[in-house]
Amino acid sequence: MKRRTVLGLAATGLAAAALNLRFGQGDTGHNIAQAHRVLDSARAHEGLHTLTSRPVLDAMVSAQTDFMQSIKRTTHLDAGGNTPEKRALQLGYTRQILGETLAETYGPGDETMAYWLTHTATRSVLMDPKAREFGLAMTPDVDGRMWWAAVVAVL
């Protein structure tokens with residue numbers, strides 16, 4: 001009986017790993033890099049500066065994607081009801097936050113960024129000429145969904 005349980009758990013683990021790879025979740029860093037490349041290309045095409053990734057902003061949006069995944073919905077407010085601006089200040093980031101974009105998708109990073117760039121509200125945040133820094137994060141869910149957040153700021 002013990003052997004069947006171990007084999008069953010191993011098979012379940014392999015199936016979960018295969019599901020994560022199928023939906024592009026096997027390499028979160030690759031998804032982030034894809035999205036960053038699409039954004040850099042779009043900004044360069046418009047004659048805008050590329051954005052510099054900042055670890056503090058990455059950490060901020062990573063915590064937000066984790067939170068959204070836990071509550072199964074997108075929101076700009078964290079568990080304490082804090083806005084992106086307040087969350088940045090709590091991490092010691094004192095520069096101006098221009099905006100935050102969110103998504104719940106099944107697609108990889110390049111598709112998510114392309115989607116954001118086709119919608120006026122999210123595009124205006126990502127393509128703001130004053131933007132110089134950004135943070136980007138994605139948290140995978142067990143059902144294949146990916147919870148995304150990006151924040152942009154001035155220098």
# chains A, B, ... in the order shown; residues from 1 in each chain; ligands from 1

$ select_by_dssp --residues "region 74-130 of chain A" --states "alpha helix (DSSP H)" --output "PyMOL selection string"
chain A and resi 84-90+109-118+120-126

$ write_last_selection --atoms "N, CA and C atoms" --output "JSON list (two decimals), in the first residue's frame"
[["chain", "number", "residue", "atom", "x", "y", "z"],
["A", 84, "PRO", "N", -0.38, 51.12, -5.09],
["A", 84, "PRO", "CA", 1.00, 50.92, -5.57],
["A", 84, "PRO", "C", 1.97, 51.97, -5.01],
["A", 85, "GLU", "N", 1.53, 53.23, -4.95],
["A", 85, "GLU", "CA", 2.40, 54.28, -4.42],
["A", 85, "GLU", "C", 2.79, 54.02, -2.97],
["A", 86, "LYS", "N", 1.83, 53.61, -2.17],
["A", 86, "LYS", "CA", 2.10, 53.35, -0.75],
["A", 86, "LYS", "C", 2.97, 52.09, -0.59],
["A", 87, "ARG", "N", 2.70, 51.07, -1.41],
["A", 87, "ARG", "CA", 3.52, 49.85, -1.35],
["A", 87, "ARG", "C", 4.98, 50.15, -1.69],
["A", 88, "ALA", "N", 5.20, 51.03, -2.67],
["A", 88, "ALA", "CA", 6.56, 51.41, -3.05],
["A", 88, "ALA", "C", 7.25, 52.14, -1.90],
["A", 89, "LEU", "N", 6.55, 53.08, -1.28],
["A", 89, "LEU", "CA", 7.12, 53.82, -0.15],
["A", 89, "LEU", "C", 7.47, 52.89, 1.01],
["A", 90, "GLN", "N", 6.62, 51.90, 1.24],
["A", 90, "GLN", "CA", 6.89, 50.94, 2.33],
["A", 90, "GLN", "C", 8.18, 50.16, 2.09],
["A", 109, "GLY", "N", 4.80, 35.62, -21.43],
["A", 109, "GLY", "CA", 5.14, 37.02, -21.24],
["A", 109, "GLY", "C", 4.98, 37.90, -22.45],
["A", 110, "ASP", "N", 5.41, 37.41, -23.61],
["A", 110, "ASP", "CA", 5.31, 38.25, -24.80],
["A", 110, "ASP", "C", 3.86, 38.53, -25.16],
["A", 111, "GLU", "N", 2.98, 37.55, -25.00],
["A", 111, "GLU", "CA", 1.56, 37.75, -25.30],
["A", 111, "GLU", "C", 0.91, 38.69, -24.29],
["A", 112, "THR", "N", 1.28, 38.57, -23.04],
["A", 112, "THR", "CA", 0.71, 39.44, -22.01],
["A", 112, "THR", "C", 1.10, 40.89, -22.26],
["A", 113, "MET", "N", 2.38, 41.13, -22.55],
["A", 113, "MET", "CA", 2.83, 42.50, -22.81],
["A", 113, "MET", "C", 2.18, 43.04, -24.08],
["A", 114, "ALA", "N", 2.09, 42.21, -25.11],
["A", 114, "ALA", "CA", 1.44, 42.65, -26.35],
["A", 114, "ALA", "C", -0.01, 43.03, -26.09],
["A", 115, "TYR", "N", -0.69, 42.25, -25.25],
["A", 115, "TYR", "CA", -2.08, 42.57, -24.88],
["A", 115, "TYR", "C", -2.15, 43.92, -24.19],
["A", 116, "TRP", "N", -1.27, 44.14, -23.20],
["A", 116, "TRP", "CA", -1.25, 45.43, -22.51],
["A", 116, "TRP", "C", -1.02, 46.58, -23.48],
["A", 117, "LEU", "N", -0.16, 46.36, -24.46],
["A", 117, "LEU", "CA", 0.18, 47.43, -25.39],
["A", 117, "LEU", "C", -0.92, 47.73, -26.40],
["A", 118, "THR", "N", -1.93, 46.87, -26.51],
["A", 118, "THR", "CA", -3.04, 47.12, -27.43],
["A", 118, "THR", "C", -4.23, 47.81, -26.76],
["A", 120, "THR", "N", -5.61, 51.00, -24.50],
["A", 120, "THR", "CA", -5.25, 52.39, -24.23],
["A", 120, "THR", "C", -4.82, 52.62, -22.78],
["A", 121, "ALA", "N", -5.58, 52.13, -21.82],
["A", 121, "ALA", "CA", -5.28, 52.41, -20.41],
["A", 121, "ALA", "C", -3.93, 51.84, -19.99],
["A", 122, "THR", "N", -3.67, 50.58, -20.34],
["A", 122, "THR", "CA", -2.41, 49.96, -19.94],
["A", 122, "THR", "C", -1.26, 50.46, -20.81],
["A", 123, "ARG", "N", -1.53, 50.70, -22.07],
["A", 123, "ARG", "CA", -0.48, 51.23, -22.96],
["A", 123, "ARG", "C", 0.01, 52.60, -22.47],
["A", 124, "SER", "N", -0.91, 53.44, -22.03],
["A", 124, "SER", "CA", -0.52, 54.78, -21.59],
["A", 124, "SER", "C", 0.41, 54.72, -20.37],
["A", 125, "VAL", "N", 0.25, 53.73, -19.53],
["A", 125, "VAL", "CA", 1.15, 53.55, -18.39],
["A", 125, "VAL", "C", 2.52, 53.08, -18.87],
["A", 126, "LEU", "N", 2.54, 52.03, -19.67],
["A", 126, "LEU", "CA", 3.79, 51.43, -20.12],
["A", 126, "LEU", "C", 4.59, 52.31, -21.08]]

$ residues_around --residues "region 106-108 of chain A" --least-positions-apart "4" --cutoff "10 Å" --atoms "only C-alpha atoms" --output "PyMOL selection string"
chain A and resi 23-25+28+30-32+34-35+112-113+115+138+140-141+143-147

$ residues_around --residues "region 63-65 of chain A" --least-positions-apart "6" --cutoff "10 Å" --atoms "only C-alpha atoms" --output "list in words"
Leu57, Ile71, Lys72, Arg73, Thr74, Thr75, His76, Leu77, Asp78, Ala79, Pro84, Arg87, Leu102, Ala103, Glu104, Leu136, Ala137, Met138, Thr139, Pro140, Met146, Trp147, Trp148, Ala149 and Ala150 of chain A

$ atom_distance --atom1 "CA of His119 (chain A)" --atom2 "CA of Thr52 (chain A)"
22.4 Å

$ residues_around --residues "region 95-97 of chain A" --least-positions-apart "2" --cutoff "8 Å" --atoms "only C-alpha atoms" --output "short mmCIF file (atom, residue, chain, number, x, y, z; two decimals) with C-alpha atoms, in the first residue's frame"
data_model
loop_
_atom_site.label_atom_id
_atom_site.label_comp_id
_atom_site.auth_asym_id
_atom_site.auth_seq_id
_atom_site.Cartn_x
_atom_site.Cartn_y
_atom_site.Cartn_z
CA PRO A 84 1.00 50.92 -5.57
CA GLU A 85 2.40 54.28 -4.42
CA ALA A 88 6.56 51.41 -3.05
CA TYR A 93 11.26 53.52 -3.04
CA GLY A 99 1.11 53.47 -12.82
CA VAL A 151 4.79 49.08 -12.42
CA VAL A 152 6.53 52.05 -14.02
CA ALA A 153 8.22 55.00 -12.36
CA VAL A 154 10.21 58.13 -13.14
CA LEU A 155 13.90 58.49 -12.34
#

$ decode --residues "region 58-71 of chain A" --atoms "all heavy atoms" --output "PDB file, in the first residue's frame"
ATOM      1  N   ASP A  58      10.550  45.179  -8.737  1.00  0.00           N
ATOM      2  CA  ASP A  58      10.253  43.766  -9.017  1.00  0.00           C
ATOM      3  C   ASP A  58       9.687  43.091  -7.762  1.00  0.00           C
ATOM      4  O   ASP A  58       8.716  42.329  -7.848  1.00  0.00           O
ATOM      5  CB  ASP A  58      11.508  43.014  -9.467  1.00  0.00           C
ATOM      6  CG  ASP A  58      11.998  43.411 -10.844  1.00  0.00           C
ATOM      7  OD1 ASP A  58      11.202  43.961 -11.646  1.00  0.00           O
ATOM      8  OD2 ASP A  58      13.185  43.160 -11.129  1.00  0.00           O
ATOM      9  N   ALA A  59      10.292  43.362  -6.612  1.00  0.00           N
ATOM     10  CA  ALA A  59       9.822  42.768  -5.351  1.00  0.00           C
ATOM     11  C   ALA A  59       8.410  43.245  -5.022  1.00  0.00           C
ATOM     12  O   ALA A  59       7.565  42.468  -4.559  1.00  0.00           O
ATOM     13  CB  ALA A  59      10.782  43.112  -4.216  1.00  0.00           C
ATOM     14  N   MET A  60       8.158  44.517  -5.271  1.00  0.00           N
ATOM     15  CA  MET A  60       6.836  45.081  -4.990  1.00  0.00           C
ATOM     16  C   MET A  60       5.747  44.387  -5.801  1.00  0.00           C
ATOM     17  O   MET A  60       4.720  43.972  -5.265  1.00  0.00           O
ATOM     18  CB  MET A  60       6.846  46.577  -5.297  1.00  0.00           C
ATOM     19  CG  MET A  60       5.543  47.277  -4.998  1.00  0.00           C
ATOM     20  SD  MET A  60       5.604  48.997  -5.544  1.00  0.00           S
ATOM     21  CE  MET A  60       4.429  48.935  -6.875  1.00  0.00           C
ATOM     22  N   VAL A  61       5.976  44.259  -7.121  1.00  0.00           N
ATOM     23  CA  VAL A  61       4.946  43.638  -7.948  1.00  0.00           C
ATOM     24  C   VAL A  61       4.910  42.119  -7.764  1.00  0.00           C
ATOM     25  O   VAL A  61       3.866  41.500  -7.957  1.00  0.00           O
ATOM     26  CB  VAL A  61       5.051  44.043  -9.436  1.00  0.00           C
ATOM     27  CG1 VAL A  61       4.688  45.510  -9.614  1.00  0.00           C
ATOM     28  CG2 VAL A  61       6.397  43.741 -10.025  1.00  0.00           C
ATOM     29  N   SER A  62       6.026  41.526  -7.372  1.00  0.00           N
ATOM     30  CA  SER A  62       6.024  40.094  -7.087  1.00  0.00           C
ATOM     31  C   SER A  62       5.117  39.791  -5.898  1.00  0.00           C
ATOM     32  O   SER A  62       4.335  38.834  -5.917  1.00  0.00           O
ATOM     33  CB  SER A  62       7.450  39.604  -6.817  1.00  0.00           C
ATOM     34  OG  SER A  62       7.444  38.218  -6.556  1.00  0.00           O
ATOM     35  N   ALA A  63       5.221  40.612  -4.864  1.00  0.00           N
ATOM     36  CA  ALA A  63       4.326  40.437  -3.708  1.00  0.00           C
ATOM     37  C   ALA A  63       2.871  40.620  -4.131  1.00  0.00           C
ATOM     38  O   ALA A  63       1.982  39.902  -3.655  1.00  0.00           O
ATOM     39  CB  ALA A  63       4.699  41.429  -2.605  1.00  0.00           C
ATOM     40  N   GLN A  64       2.631  41.556  -5.057  1.00  0.00           N
ATOM     41  CA  GLN A  64       1.258  41.794  -5.511  1.00  0.00           C
ATOM     42  C   GLN A  64       0.731  40.624  -6.331  1.00  0.00           C
ATOM     43  O   GLN A  64      -0.422  40.226  -6.173  1.00  0.00           O
ATOM     44  CB  GLN A  64       1.178  43.105  -6.308  1.00  0.00           C
ATOM     45  CG  GLN A  64      -0.233  43.557  -6.592  1.00  0.00           C
ATOM     46  CD  GLN A  64      -1.005  43.908  -5.333  1.00  0.00           C
ATOM     47  OE1 GLN A  64      -0.447  44.077  -4.259  1.00  0.00           O
ATOM     48  NE2 GLN A  64      -2.312  44.019  -5.465  1.00  0.00           N
ATOM     49  N   THR A  65       1.559  40.043  -7.212  1.00  0.00           N
ATOM     50  CA  THR A  65       1.083  38.896  -7.993  1.00  0.00           C
ATOM     51  C   THR A  65       0.839  37.691  -7.089  1.00  0.00           C
ATOM     52  O   THR A  65      -0.106  36.933  -7.312  1.00  0.00           O
ATOM     53  CB  THR A  65       2.041  38.528  -9.143  1.00  0.00           C
ATOM     54  OG1 THR A  65       3.327  38.199  -8.625  1.00  0.00           O
ATOM     55  CG2 THR A  65       2.142  39.650 -10.163  1.00  0.00           C
ATOM     56  N   ASP A  66       1.675  37.521  -6.070  1.00  0.00           N
ATOM     57  CA  ASP A  66       1.437  36.446  -5.094  1.00  0.00           C
ATOM     58  C   ASP A  66       0.100  36.652  -4.392  1.00  0.00           C
ATOM     59  O   ASP A  66      -0.674  35.712  -4.207  1.00  0.00           O
ATOM     60  CB  ASP A  66       2.551  36.388  -4.045  1.00  0.00           C
ATOM     61  CG  ASP A  66       3.867  35.875  -4.591  1.00  0.00           C
ATOM     62  OD1 ASP A  66       3.905  35.326  -5.711  1.00  0.00           O
ATOM     63  OD2 ASP A  66       4.884  36.038  -3.869  1.00  0.00           O
ATOM     64  N   PHE A  67      -0.171  37.894  -4.000  1.00  0.00           N
ATOM     65  CA  PHE A  67      -1.428  38.216  -3.322  1.00  0.00           C
ATOM     66  C   PHE A  67      -2.618  37.974  -4.250  1.00  0.00           C
ATOM     67  O   PHE A  67      -3.615  37.350  -3.849  1.00  0.00           O
ATOM     68  CB  PHE A  67      -1.420  39.665  -2.818  1.00  0.00           C
ATOM     69  CG  PHE A  67      -2.725  40.096  -2.216  1.00  0.00           C
ATOM     70  CD1 PHE A  67      -3.208  39.500  -1.059  1.00  0.00           C
ATOM     71  CD2 PHE A  67      -3.477  41.094  -2.806  1.00  0.00           C
ATOM     72  CE1 PHE A  67      -4.424  39.891  -0.503  1.00  0.00           C
ATOM     73  CE2 PHE A  67      -4.686  41.496  -2.267  1.00  0.00           C
ATOM     74  CZ  PHE A  67      -5.168  40.891  -1.101  1.00  0.00           C
ATOM     75  N   MET A  68      -2.516  38.441  -5.487  1.00  0.00           N
ATOM     76  CA  MET A  68      -3.626  38.242  -6.430  1.00  0.00           C
ATOM     77  C   MET A  68      -3.881  36.763  -6.661  1.00  0.00           C
ATOM     78  O   MET A  68      -5.038  36.332  -6.724  1.00  0.00           O
ATOM     79  CB  MET A  68      -3.332  38.960  -7.753  1.00  0.00           C
ATOM     80  CG  MET A  68      -3.316  40.471  -7.633  1.00  0.00           C
ATOM     81  SD  MET A  68      -3.142  41.400  -9.188  1.00  0.00           S
ATOM     82  CE  MET A  68      -1.825  40.575 -10.038  1.00  0.00           C
ATOM     83  N   GLN A  69      -2.820  35.981  -6.784  1.00  0.00           N
ATOM     84  CA  GLN A  69      -2.976  34.545  -6.969  1.00  0.00           C
ATOM     85  C   GLN A  69      -3.694  33.936  -5.770  1.00  0.00           C
ATOM     86  O   GLN A  69      -4.556  33.079  -5.918  1.00  0.00           O
ATOM     87  CB  GLN A  69      -1.602  33.890  -7.185  1.00  0.00           C
ATOM     88  CG  GLN A  69      -1.637  32.425  -7.535  1.00  0.00           C
ATOM     89  CD  GLN A  69      -1.631  31.505  -6.320  1.00  0.00           C
ATOM     90  OE1 GLN A  69      -1.175  31.872  -5.245  1.00  0.00           O
ATOM     91  NE2 GLN A  69      -2.155  30.324  -6.505  1.00  0.00           N
ATOM     92  N   SER A  70      -3.384  34.405  -4.578  1.00  0.00           N
ATOM     93  CA  SER A  70      -4.000  33.840  -3.367  1.00  0.00           C
ATOM     94  C   SER A  70      -5.484  34.167  -3.259  1.00  0.00           C
ATOM     95  O   SER A  70      -6.247  33.378  -2.713  1.00  0.00           O
ATOM     96  CB  SER A  70      -3.262  34.303  -2.106  1.00  0.00           C
ATOM     97  OG  SER A  70      -3.552  35.650  -1.800  1.00  0.00           O
ATOM     98  N   ILE A  71      -5.903  35.334  -3.787  1.00  0.00           N
ATOM     99  CA  ILE A  71      -7.318  35.715  -3.709  1.00  0.00           C
ATOM    100  C   ILE A  71      -8.061  35.453  -5.019  1.00  0.00           C
ATOM    101  O   ILE A  71      -9.264  35.666  -5.106  1.00  0.00           O
ATOM    102  CB  ILE A  71      -7.502  37.177  -3.271  1.00  0.00           C
ATOM    103  CG1 ILE A  71      -6.912  38.153  -4.298  1.00  0.00           C
ATOM    104  CG2 ILE A  71      -6.931  37.400  -1.867  1.00  0.00           C
ATOM    105  CD1 ILE A  71      -7.267  39.611  -4.061  1.00  0.00           C
TER     106      ILE A  71
END
